[in-house]
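Q: Just one file: final32.cif, with mmCIF, C-alpha atoms.
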```cif
data_coords
#
loop_
_atom_site.group_PDB
_atom_site.id
_atom_site.type_symbol
_atom_site.label_atom_id
_atom_site.label_comp_id
_atom_site.auth_asym_id
_atom_site.auth_seq_id
_atom_site.Cartn_x
_atom_site.Cartn_y
_atom_site.Cartn_z
ATOM 1 C CA MET A 811 0.000 0.000 0.000
ATOM 2 C CA SER A 812 1.282 3.404 -0.838
ATOM 3 C CA THR A 813 1.518 5.979 1.880
ATOM 4 C CA ALA A 814 0.576 9.613 2.108
ATOM 5 C CA THR A 815 4.188 10.654 2.274
ATOM 6 C CA GLY A 816 6.803 10.834 -0.449
ATOM 7 C CA SER A 817 5.539 11.434 -3.953
ATOM 8 C CA ALA A 818 2.057 11.452 -5.409
ATOM 9 C CA ARG A 819 0.643 8.440 -7.259
ATOM 10 C CA LEU A 820 0.686 10.442 -10.443
ATOM 11 C CA ALA A 821 2.427 13.647 -11.521
ATOM 12 C CA PHE A 822 -1.006 14.923 -12.475
ATOM 13 C CA TYR A 823 -0.264 18.591 -12.974
ATOM 14 C CA LYS A 824 2.688 17.811 -15.256
ATOM 15 C CA LEU A 825 0.840 15.108 -17.173
ATOM 16 C CA ALA A 826 -2.271 17.232 -17.799
ATOM 17 C CA PRO A 827 -0.823 20.732 -18.146
ATOM 18 C CA GLY A 828 -3.850 22.063 -20.058
ATOM 19 C CA VAL A 829 -6.103 21.242 -17.126
ATOM 20 C CA TYR A 830 -4.352 23.152 -14.381
ATOM 21 C CA GLN A 831 -4.733 26.705 -15.754
ATOM 22 C CA PRO A 832 -8.502 26.742 -16.367
ATOM 23 C CA LEU A 833 -9.046 24.996 -13.035
ATOM 24 C CA LEU A 834 -6.980 27.619 -11.272
ATOM 25 C CA ASN A 835 -8.752 30.390 -13.211
ATOM 26 C CA ALA A 836 -12.163 29.091 -12.119
ATOM 27 C CA HIS A 837 -11.041 28.880 -8.507
ATOM 28 C CA VAL A 838 -9.451 32.325 -8.402
ATOM 29 C CA ALA A 839 -12.480 33.918 -10.090
ATOM 30 C CA ALA A 840 -14.856 32.198 -7.656
ATOM 31 C CA LYS A 841 -12.883 33.323 -4.622
ATOM 32 C CA LYS A 842 -12.550 36.859 -5.903
ATOM 33 C CA GLY A 843 -16.262 37.080 -6.737
ATOM 34 C CA LEU A 844 -17.205 35.923 -3.258
ATOM 35 C CA GLY A 845 -15.159 38.786 -1.889
ATOM 36 C CA ASP A 846 -14.706 37.442 1.647
ATOM 37 C CA PRO A 847 -11.347 35.687 2.164
ATOM 38 C CA VAL A 848 -12.162 34.484 5.693
ATOM 39 C CA LEU A 849 -15.466 32.948 4.659
ATOM 40 C CA ALA A 850 -13.711 31.424 1.637
ATOM 41 C CA GLU A 851 -11.193 29.621 3.853
ATOM 42 C CA LEU A 852 -13.946 28.282 6.133
ATOM 43 C CA VAL A 853 -15.709 26.837 3.094
ATOM 44 C CA LEU A 854 -12.468 25.424 1.658
ATOM 45 C CA ILE A 855 -11.577 23.730 4.941
ATOM 46 C CA ARG A 856 -15.046 22.281 5.516
ATOM 47 C CA ALA A 857 -15.303 20.759 2.025
ATOM 48 C CA SER A 858 -11.783 19.316 2.398
ATOM 49 C CA GLN A 859 -12.789 17.740 5.727
ATOM 50 C CA ILE A 860 -15.854 16.096 4.182
ATOM 51 C CA ASN A 861 -13.844 14.832 1.212
ATOM 52 C CA HIS A 862 -10.918 13.705 3.409
ATOM 53 C CA CYS A 863 -8.288 15.587 1.432
ATOM 54 C CA ALA A 864 -5.235 15.839 3.691
ATOM 55 C CA PHE A 865 -3.211 17.946 1.269
ATOM 56 C CA CYS A 866 -6.081 20.439 0.886
ATOM 57 C CA LEU A 867 -6.802 20.571 4.621
ATOM 58 C CA ASP A 868 -3.192 21.336 5.391
ATOM 59 C CA MET A 869 -3.057 24.076 2.772
ATOM 60 C CA HIS A 870 -6.321 25.761 3.751
ATOM 61 C CA VAL A 871 -5.865 25.570 7.504
ATOM 62 C CA LYS A 872 -2.559 27.356 6.999
ATOM 63 C CA ASP A 873 -4.182 29.874 4.643
ATOM 64 C CA ALA A 874 -6.978 30.461 7.156
ATOM 65 C CA GLN A 875 -4.460 31.111 9.905
ATOM 66 C CA LYS A 876 -2.721 33.602 7.633
ATOM 67 C CA ALA A 877 -6.093 35.256 6.972
ATOM 68 C CA GLY A 878 -6.509 35.681 10.729
ATOM 69 C CA VAL A 879 -9.020 32.916 11.486
ATOM 70 C CA SER A 880 -8.644 31.760 15.105
ATOM 71 C CA GLU A 881 -7.464 28.246 15.919
ATOM 72 C CA GLU A 882 -10.730 27.643 17.752
ATOM 73 C CA ARG A 883 -12.857 28.529 14.739
ATOM 74 C CA ILE A 884 -10.742 26.233 12.573
ATOM 75 C CA HIS A 885 -10.936 23.271 14.973
ATOM 76 C CA LEU A 886 -14.667 23.629 15.555
ATOM 77 C CA LEU A 887 -15.504 23.665 11.850
ATOM 78 C CA ASN A 888 -15.955 19.905 11.898
ATOM 79 C CA ALA A 889 -18.870 20.418 14.309
ATOM 80 C CA TRP A 890 -19.899 23.964 13.395
ATOM 81 C CA GLU A 891 -23.610 23.325 13.917
ATOM 82 C CA GLU A 892 -22.909 22.424 17.539
ATOM 83 C CA ALA A 893 -20.713 25.500 17.890
ATOM 84 C CA ALA A 894 -22.975 27.980 16.153
ATOM 85 C CA GLY A 895 -21.949 30.803 18.475
ATOM 86 C CA HIS A 896 -18.525 30.808 16.852
ATOM 87 C CA TYR A 897 -19.809 31.553 13.364
ATOM 88 C CA THR A 898 -21.927 34.379 11.988
ATOM 89 C CA ALA A 899 -25.354 33.617 10.536
ATOM 90 C CA LYS A 900 -23.887 34.233 7.101
ATOM 91 C CA GLU A 901 -21.006 31.827 7.715
ATOM 92 C CA GLN A 902 -23.406 29.182 8.992
ATOM 93 C CA ALA A 903 -25.575 29.535 5.888
ATOM 94 C CA ALA A 904 -22.485 29.147 3.703
ATOM 95 C CA LEU A 905 -21.287 26.093 5.646
ATOM 96 C CA ALA A 906 -24.692 24.414 5.368
ATOM 97 C CA LEU A 907 -24.623 25.029 1.618
ATOM 98 C CA THR A 908 -21.056 23.710 1.442
ATOM 99 C CA GLU A 909 -22.134 20.438 3.013
ATOM 100 C CA ALA A 910 -25.185 20.020 0.772
ATOM 101 C CA VAL A 911 -23.296 20.777 -2.438
ATOM 102 C CA THR A 912 -20.365 18.557 -1.425
ATOM 103 C CA VAL A 913 -22.445 15.517 -0.486
ATOM 104 C CA LEU A 914 -24.696 15.203 -3.527
ATOM 105 C CA THR A 915 -24.869 11.432 -3.112
ATOM 106 C CA GLU A 916 -27.233 11.842 -0.162
ATOM 107 C CA GLY A 917 -29.495 14.640 -1.201
ATOM 108 C CA PHE A 918 -30.479 17.293 -3.660
ATOM 109 C CA VAL A 919 -29.422 20.586 -2.064
ATOM 110 C CA PRO A 920 -32.687 21.024 -0.145
ATOM 111 C CA ASP A 921 -34.747 24.186 -0.498
ATOM 112 C CA ALA A 922 -34.223 25.048 3.177
ATOM 113 C CA VAL A 923 -30.440 24.998 2.766
ATOM 114 C CA TYR A 924 -30.532 26.898 -0.494
ATOM 115 C CA GLU A 925 -32.924 29.553 0.780
ATOM 116 C CA ARG A 926 -30.941 30.035 3.965
ATOM 117 C CA ALA A 927 -27.933 30.900 1.795
ATOM 118 C CA ALA A 928 -29.993 33.012 -0.622
ATOM 119 C CA ALA A 929 -31.115 35.139 2.331
ATOM 120 C CA HIS A 930 -27.518 36.067 3.189
ATOM 121 C CA PHE A 931 -25.917 36.427 -0.233
ATOM 122 C CA ASP A 932 -27.008 38.414 -3.262
ATOM 123 C CA GLU A 933 -27.232 36.523 -6.562
ATOM 124 C CA ARG A 934 -23.740 37.329 -7.718
ATOM 125 C CA GLU A 935 -22.192 36.392 -4.366
ATOM 126 C CA LEU A 936 -24.257 33.230 -4.208
ATOM 127 C CA ALA A 937 -23.177 32.168 -7.710
ATOM 128 C CA HIS A 938 -19.545 32.651 -6.680
ATOM 129 C CA LEU A 939 -20.060 30.809 -3.404
ATOM 130 C CA ILE A 940 -21.534 27.835 -5.285
ATOM 131 C CA ALA A 941 -18.613 28.066 -7.700
ATOM 132 C CA LEU A 942 -16.072 28.100 -4.876
ATOM 133 C CA ILE A 943 -17.650 25.076 -3.218
ATOM 134 C CA THR A 944 -17.484 23.392 -6.615
ATOM 135 C CA THR A 945 -13.858 24.275 -7.323
ATOM 136 C CA ILE A 946 -12.622 23.061 -3.932
ATOM 137 C CA ASN A 947 -14.512 19.854 -4.612
ATOM 138 C CA MET A 948 -12.437 19.563 -7.791
ATOM 139 C CA TRP A 949 -9.125 20.140 -6.000
ATOM 140 C CA ASN A 950 -10.221 17.632 -3.348
ATOM 141 C CA ARG A 951 -10.979 15.008 -6.007
ATOM 142 C CA ILE A 952 -7.720 15.440 -7.869
ATOM 143 C CA ASN A 953 -5.531 15.516 -4.788
ATOM 144 C CA VAL A 954 -7.228 12.517 -3.159
ATOM 145 C CA ALA A 955 -7.154 10.546 -6.424
ATOM 146 C CA ILE A 956 -3.433 11.147 -6.915
ATOM 147 C CA ARG A 957 -2.762 10.920 -3.168
ATOM 148 C CA GLN A 958 -0.924 14.206 -3.103
ATOM 149 C CA PRO A 959 1.422 14.286 -0.110
ATOM 150 C CA ILE A 960 0.942 17.066 2.402
ATOM 151 C CA GLY A 961 2.891 20.105 1.370
ATOM 152 C CA GLY A 962 3.828 18.401 -1.897
ATOM 153 C CA GLN A 963 3.328 19.313 -5.505
ATOM 154 C CA SER A 964 3.513 17.212 -8.597
ATOM 155 C CA MET B 992 -41.898 11.495 -12.159
ATOM 156 C CA THR B 993 -43.998 11.090 -15.249
ATOM 157 C CA THR B 994 -46.671 8.411 -15.078
ATOM 158 C CA ASN B 995 -49.212 9.202 -17.757
ATOM 159 C CA GLY B 996 -47.553 11.721 -20.012
ATOM 160 C CA ASN B 997 -48.277 14.623 -17.701
ATOM 161 C CA PRO B 998 -45.139 15.639 -15.893
ATOM 162 C CA GLN B 999 -45.843 16.150 -12.232
ATOM 163 C CA GLU B 1000 -46.049 19.782 -11.335
ATOM 164 C CA THR B 1001 -43.079 21.025 -9.385
ATOM 165 C CA HIS B 1002 -43.156 24.051 -7.147
ATOM 166 C CA HIS B 1003 -39.501 24.800 -6.781
ATOM 167 C CA HIS B 1004 -38.473 28.387 -6.496
ATOM 168 C CA PRO B 1005 -36.094 29.483 -9.215
ATOM 169 C CA ARG B 1006 -32.460 29.343 -8.254
ATOM 170 C CA VAL B 1007 -29.491 31.438 -9.283
ATOM 171 C CA ALA B 1008 -27.859 30.823 -12.677
ATOM 172 C CA ILE B 1009 -24.078 30.471 -12.640
ATOM 173 C CA ALA B 1010 -23.156 31.625 -16.168
ATOM 174 C CA PRO B 1011 -24.611 35.170 -16.042
ATOM 175 C CA ASN B 1012 -23.697 35.747 -12.396
ATOM 176 C CA ALA B 1013 -20.181 34.311 -12.467
ATOM 177 C CA PRO B 1014 -19.179 34.582 -16.147
ATOM 178 C CA GLU B 1015 -15.431 34.366 -15.518
ATOM 179 C CA VAL B 1016 -15.865 31.118 -13.601
ATOM 180 C CA TYR B 1017 -18.132 29.745 -16.288
ATOM 181 C CA ARG B 1018 -15.685 30.518 -19.087
ATOM 182 C CA ALA B 1019 -12.890 28.793 -17.158
ATOM 183 C CA MET B 1020 -15.121 25.763 -16.611
ATOM 184 C CA VAL B 1021 -15.837 25.459 -20.323
ATOM 185 C CA ALA B 1022 -12.088 25.624 -21.033
ATOM 186 C CA LEU B 1023 -11.465 23.043 -18.311
ATOM 187 C CA ASP B 1024 -14.054 20.688 -19.756
ATOM 188 C CA ALA B 1025 -12.432 20.846 -23.197
ATOM 189 C CA ALA B 1026 -8.948 20.290 -21.714
ATOM 190 C CA ALA B 1027 -10.064 17.400 -19.533
ATOM 191 C CA LYS B 1028 -11.515 15.185 -22.244
ATOM 192 C CA LYS B 1029 -8.631 15.744 -24.646
ATOM 193 C CA GLY B 1030 -7.126 12.496 -25.878
ATOM 194 C CA LEU B 1031 -9.766 10.278 -24.270
ATOM 195 C CA ASP B 1032 -12.010 7.905 -26.218
ATOM 196 C CA PRO B 1033 -15.305 9.804 -26.761
ATOM 197 C CA ALA B 1034 -17.401 6.707 -25.966
ATOM 198 C CA LEU B 1035 -15.564 6.326 -22.657
ATOM 199 C CA VAL B 1036 -16.050 10.028 -21.909
ATOM 200 C CA HIS B 1037 -19.816 9.617 -22.220
ATOM 201 C CA LEU B 1038 -19.891 6.552 -19.963
ATOM 202 C CA VAL B 1039 -17.909 8.338 -17.261
ATOM 203 C CA LYS B 1040 -20.058 11.477 -17.479
ATOM 204 C CA ILE B 1041 -23.292 9.517 -17.303
ATOM 205 C CA ARG B 1042 -22.128 7.392 -14.361
ATOM 206 C CA ALA B 1043 -20.928 10.358 -12.282
ATOM 207 C CA SER B 1044 -24.176 12.202 -13.036
ATOM 208 C CA GLN B 1045 -26.172 9.181 -11.847
ATOM 209 C CA ILE B 1046 -24.244 9.029 -8.572
ATOM 210 C CA ASN B 1047 -24.661 12.766 -8.015
ATOM 211 C CA HIS B 1048 -28.332 12.710 -9.037
ATOM 212 C CA CYS B 1049 -28.005 15.442 -11.663
ATOM 213 C CA ALA B 1050 -31.070 15.064 -13.890
ATOM 214 C CA PHE B 1051 -29.984 17.766 -16.319
ATOM 215 C CA CYS B 1052 -26.561 16.131 -16.752
ATOM 216 C CA ILE B 1053 -27.919 12.567 -17.102
ATOM 217 C CA ASP B 1054 -30.306 13.743 -19.785
ATOM 218 C CA MET B 1055 -27.666 15.707 -21.676
ATOM 219 C CA HIS B 1056 -24.977 13.044 -21.623
ATOM 220 C CA ILE B 1057 -27.245 10.123 -22.449
ATOM 221 C CA LYS B 1058 -28.574 12.038 -25.456
ATOM 222 C CA GLU B 1059 -25.034 12.858 -26.581
ATOM 223 C CA ALA B 1060 -23.913 9.263 -26.118
ATOM 224 C CA ARG B 1061 -26.889 7.880 -28.052
ATOM 225 C CA LYS B 1062 -26.361 10.409 -30.843
ATOM 226 C CA GLU B 1063 -22.788 9.176 -31.200
ATOM 227 C CA GLY B 1064 -23.858 5.572 -31.480
ATOM 228 C CA GLU B 1065 -23.825 4.261 -27.914
ATOM 229 C CA THR B 1066 -26.315 1.417 -27.432
ATOM 230 C CA GLU B 1067 -29.393 1.785 -25.295
ATOM 231 C CA GLU B 1068 -28.427 -1.368 -23.412
ATOM 232 C CA ARG B 1069 -24.991 -0.083 -22.395
ATOM 233 C CA VAL B 1070 -26.582 3.168 -21.243
ATOM 234 C CA TYR B 1071 -29.275 1.663 -19.040
ATOM 235 C CA LEU B 1072 -26.971 -0.981 -17.603
ATOM 236 C CA LEU B 1073 -24.453 1.627 -16.478
ATOM 237 C CA ASN B 1074 -26.198 1.963 -13.144
ATOM 238 C CA ALA B 1075 -25.310 -1.682 -12.486
ATOM 239 C CA TRP B 1076 -22.202 -2.019 -14.647
ATOM 240 C CA GLU B 1077 -20.403 -4.341 -12.228
ATOM 241 C CA GLU B 1078 -23.237 -6.837 -12.575
ATOM 242 C CA ALA B 1079 -23.161 -6.438 -16.352
ATOM 243 C CA ALA B 1080 -19.421 -6.611 -16.823
ATOM 244 C CA GLY B 1081 -19.714 -8.433 -20.145
ATOM 245 C CA HIS B 1082 -21.105 -5.263 -21.701
ATOM 246 C CA TYR B 1083 -18.063 -3.126 -20.972
ATOM 247 C CA THR B 1084 -14.397 -3.554 -21.861
ATOM 248 C CA ALA B 1085 -11.851 -4.097 -19.096
ATOM 249 C CA LYS B 1086 -10.656 -0.556 -19.713
ATOM 250 C CA GLU B 1087 -14.158 0.872 -19.397
ATOM 251 C CA GLN B 1088 -14.749 -1.096 -16.205
ATOM 252 C CA ALA B 1089 -11.529 0.216 -14.693
ATOM 253 C CA ALA B 1090 -12.571 3.769 -15.610
ATOM 254 C CA LEU B 1091 -16.041 3.287 -14.125
ATOM 255 C CA ALA B 1092 -14.619 1.943 -10.863
ATOM 256 C CA LEU B 1093 -12.325 4.967 -10.679
ATOM 257 C CA THR B 1094 -15.258 7.271 -11.486
ATOM 258 C CA GLU B 1095 -17.199 5.904 -8.526
ATOM 259 C CA ALA B 1096 -14.271 6.163 -6.105
ATOM 260 C CA VAL B 1097 -13.360 9.721 -7.120
ATOM 261 C CA THR B 1098 -17.010 10.813 -7.078
ATOM 262 C CA VAL B 1099 -17.832 9.388 -3.638
ATOM 263 C CA LEU B 1100 -14.911 10.694 -1.591
ATOM 264 C CA THR B 1101 -17.049 10.791 1.538
ATOM 265 C CA ASP B 1102 -16.903 6.987 1.802
ATOM 266 C CA GLY B 1103 -13.301 6.271 1.038
ATOM 267 C CA PHE B 1104 -9.951 7.381 -0.161
ATOM 268 C CA VAL B 1105 -9.715 6.124 -3.746
ATOM 269 C CA PRO B 1106 -8.448 2.694 -2.696
ATOM 270 C CA ASP B 1107 -5.198 1.330 -4.077
ATOM 271 C CA ALA B 1108 -7.017 -1.546 -5.771
ATOM 272 C CA VAL B 1109 -9.238 0.842 -7.709
ATOM 273 C CA TYR B 1110 -6.390 3.166 -8.585
ATOM 274 C CA GLU B 1111 -4.125 0.341 -9.689
ATOM 275 C CA ARG B 1112 -6.833 -1.253 -11.783
ATOM 276 C CA ALA B 1113 -7.095 2.025 -13.693
ATOM 277 C CA ALA B 1114 -3.327 2.430 -13.840
ATOM 278 C CA GLY B 1115 -3.181 -1.057 -15.379
ATOM 279 C CA GLN B 1116 -5.410 0.055 -18.266
ATOM 280 C CA PHE B 1117 -4.394 3.678 -18.854
ATOM 281 C CA GLU B 1118 -0.942 5.039 -19.430
ATOM 282 C CA GLU B 1119 -0.005 7.930 -17.162
ATOM 283 C CA ALA B 1120 -0.988 10.917 -19.298
ATOM 284 C CA GLU B 1121 -4.298 9.288 -20.196
ATOM 285 C CA LEU B 1122 -4.947 8.460 -16.539
ATOM 286 C CA ALA B 1123 -4.368 12.107 -15.613
ATOM 287 C CA GLN B 1124 -6.900 13.119 -18.269
ATOM 288 C CA LEU B 1125 -9.381 10.570 -16.934
ATOM 289 C CA ILE B 1126 -9.051 11.925 -13.390
ATOM 290 C CA ALA B 1127 -9.525 15.453 -14.783
ATOM 291 C CA LEU B 1128 -12.628 14.307 -16.663
ATOM 292 C CA ILE B 1129 -14.191 12.690 -13.578
ATOM 293 C CA THR B 1130 -13.417 15.842 -11.598
ATOM 294 C CA THR B 1131 -14.919 18.138 -14.212
ATOM 295 C CA ILE B 1132 -18.202 16.255 -14.570
ATOM 296 C CA ASN B 1133 -18.441 16.319 -10.783
ATOM 297 C CA ALA B 1134 -18.236 20.111 -11.007
ATOM 298 C CA TRP B 1135 -20.975 20.341 -13.648
ATOM 299 C CA ASN B 1136 -23.094 18.001 -11.525
ATOM 300 C CA ARG B 1137 -22.708 20.418 -8.601
ATOM 301 C CA PHE B 1138 -23.752 23.393 -10.713
ATOM 302 C CA GLY B 1139 -26.684 21.450 -12.174
ATOM 303 C CA VAL B 1140 -28.040 20.147 -8.891
ATOM 304 C CA THR B 1141 -27.423 23.265 -6.818
ATOM 305 C CA THR B 1142 -29.007 25.616 -9.333
ATOM 306 C CA ARG B 1143 -31.672 22.979 -10.045
ATOM 307 C CA MET B 1144 -31.256 22.884 -13.793
ATOM 308 C CA THR B 1145 -33.955 20.796 -15.438
ATOM 309 C CA PRO B 1146 -33.521 18.281 -18.269
ATOM 310 C CA GLY B 1147 -33.369 20.020 -21.603
ATOM 311 C CA GLN B 1148 -32.719 23.420 -20.044
ATOM 312 C CA VAL B 1149 -29.880 25.274 -21.743
#
```
So, in terms of structure tokens, how does the structure I just supplied come out?
A:
Amino acid sequence: MSTATGSARLAFYKLAPGVYQPLLNAHVAAKKGLGDPVLAELVLIRASQINHCAFCLDMHVKDAQKAGVSEERIHLLNAWEEAAGHYTAKEQAALALTEAVTVLTEGFVPDAVYERAAAHFDERELAHLIALITTINMWNRINVAIRQPIGGQS
Amino acid sequence: MTTNGNPQETHHHPRVAIAPNAPEVYRAMVALDAAAKKGLDPALVHLVKIRASQINHCAFCIDMHIKEARKEGETEERVYLLNAWEEAAGHYTAKEQAALALTEAVTVLTDGFVPDAVYERAAGQFEEAELAQLIALITTINAWNRFGVTTRMTPGQV
């Protein structure tokens, strides 16, 4: 069995060079359009937790710390609904949407979750939030599939 | 569900559209989609896109990709058996089966970690550059599925 240290299973980003740039462009545009770097990192961490992407978790926890997110708010993300006092109503709405959009196998992005988000974000922000949840889901998939080592790059 | 030719009325509120509200993201996604399927067998691309869309319950995407597959000559039987492809292994090549197993593992990350057996089965059928493209393809259809489901696109909607 391969391990999560050393090199990735596949030098994905070298082998599919045409893929990396548009993927990065989509991600950067989504994050920029959302316009809230702290919220963005909370979303990126939560999706990476759900998808079990160690490489992504490591990267986004560090990015969140750099963006000034407290250690407590990072650690409690895994149980944010039980720690609602640590997150704004807007953050909670975004986290609920993150979970629904990430776990499509179990549901259909329920109206209650969608409308909770729609009440806190205008259409443009909401479109970019959905896009950001979607792009981190892509990074999660690639990095889990190739078993990208923490801190590594291929 | 349609039972007698009259589609059941739905009462969903309209949801946000990605393309007009996040045009830069949308353009990048279209470029990504084109880059991801490059070099892959078009018939295989359809099978992967349909299977991921089934798992993610994206009606718009299932409809679109089945129609595309059928237009390009895919059989009805291979399309409707996709949902149970492991039980209908005789209908798919070893390469297609390896790609479908990888599609399921990469799509359902919540249950596992893309097991070595699944990864190695794919690596046994695809050379490295092609395998990277396949992973990109699975990832990209997962993104379209998320847009389709979240914004509740309906079959046939453009």
Q: Leaving out A:Arg883 and any residue of its chain fewer than 2 positions from it, which residues lie within 12 Å of it when counting all atoms listed in the file, given as a count of residues only?
A: 27
Q: Quick one: residues within 10 Å of A:Ala821, only C-alpha atoms, excluding same-chain residues fewer than 4 positions away - as number ranges by chain?
A: A: 817, 825-826, 956, 958, 963-964; B: 1119-1120, 1123
Q: For atom CA of B:Met1020 and atom CA of B:Arg1137, determine how far apart the two atoms are, in Å to one decimal place.
A: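 Atom CA of B:Arg1137 lies at a distance of 12.3 Å from atom CA of B:Met1020.
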Q: Check which residues satisfy the PyMOL selection byres ((chain B) within 8 of (chain A)) in the file shown, then give them as a ChimeraX atom specification.
A: /B:1003,1007-1009,1012-1013,1015-1020,1022-1023,1026-1027,1046-1048,1097-1101,1104-1105,1107,1110,1119-1120,1123-1124,1126-1127,1130-1131,1133-1134,1137-1138,1140-1141
Q: Looking at only C-alpha atoms, which of B:Gly1081, B:Gly1103, B:Gly1147, B:Pro1033 is the one that sits closest to B:Glu1063?
A: B:Pro1033
Q: Would you kindly translate the PyMOL selection byres ((chain B and resi 1059-1062) around 10) into the concrete residues it picks from this file, as a list in words?
A: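 Taken on the displayed file, the PyMOL selection byres ((chain B and resi 1059-1062) around 10) yields the residues Pro1033, Ala1034, Leu1035, Val1036, His1037, Leu1038, Lys1040, Ile1041, Ile1053, Asp1054, Met1055, His1056, Ile1057, Lys1058, Glu1063, Gly1064, Glu1065, Thr1066, Glu1067, Arg1069 and Val1070 of chain B.
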Q: Any idea what the distance is between atom CA of B:Ala1092 and atom CA of B:Trp1076?
A: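 Separation between atom CA of B:Ala1092 and atom CA of B:Trp1076: 9.4 Å.
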Q: One decimal, Å: what's the distance from atom CA of A:Lys900 over to atom CA of A:Phe865, could you say?
A: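 Computing it gives 27.0 Å between the two atoms.
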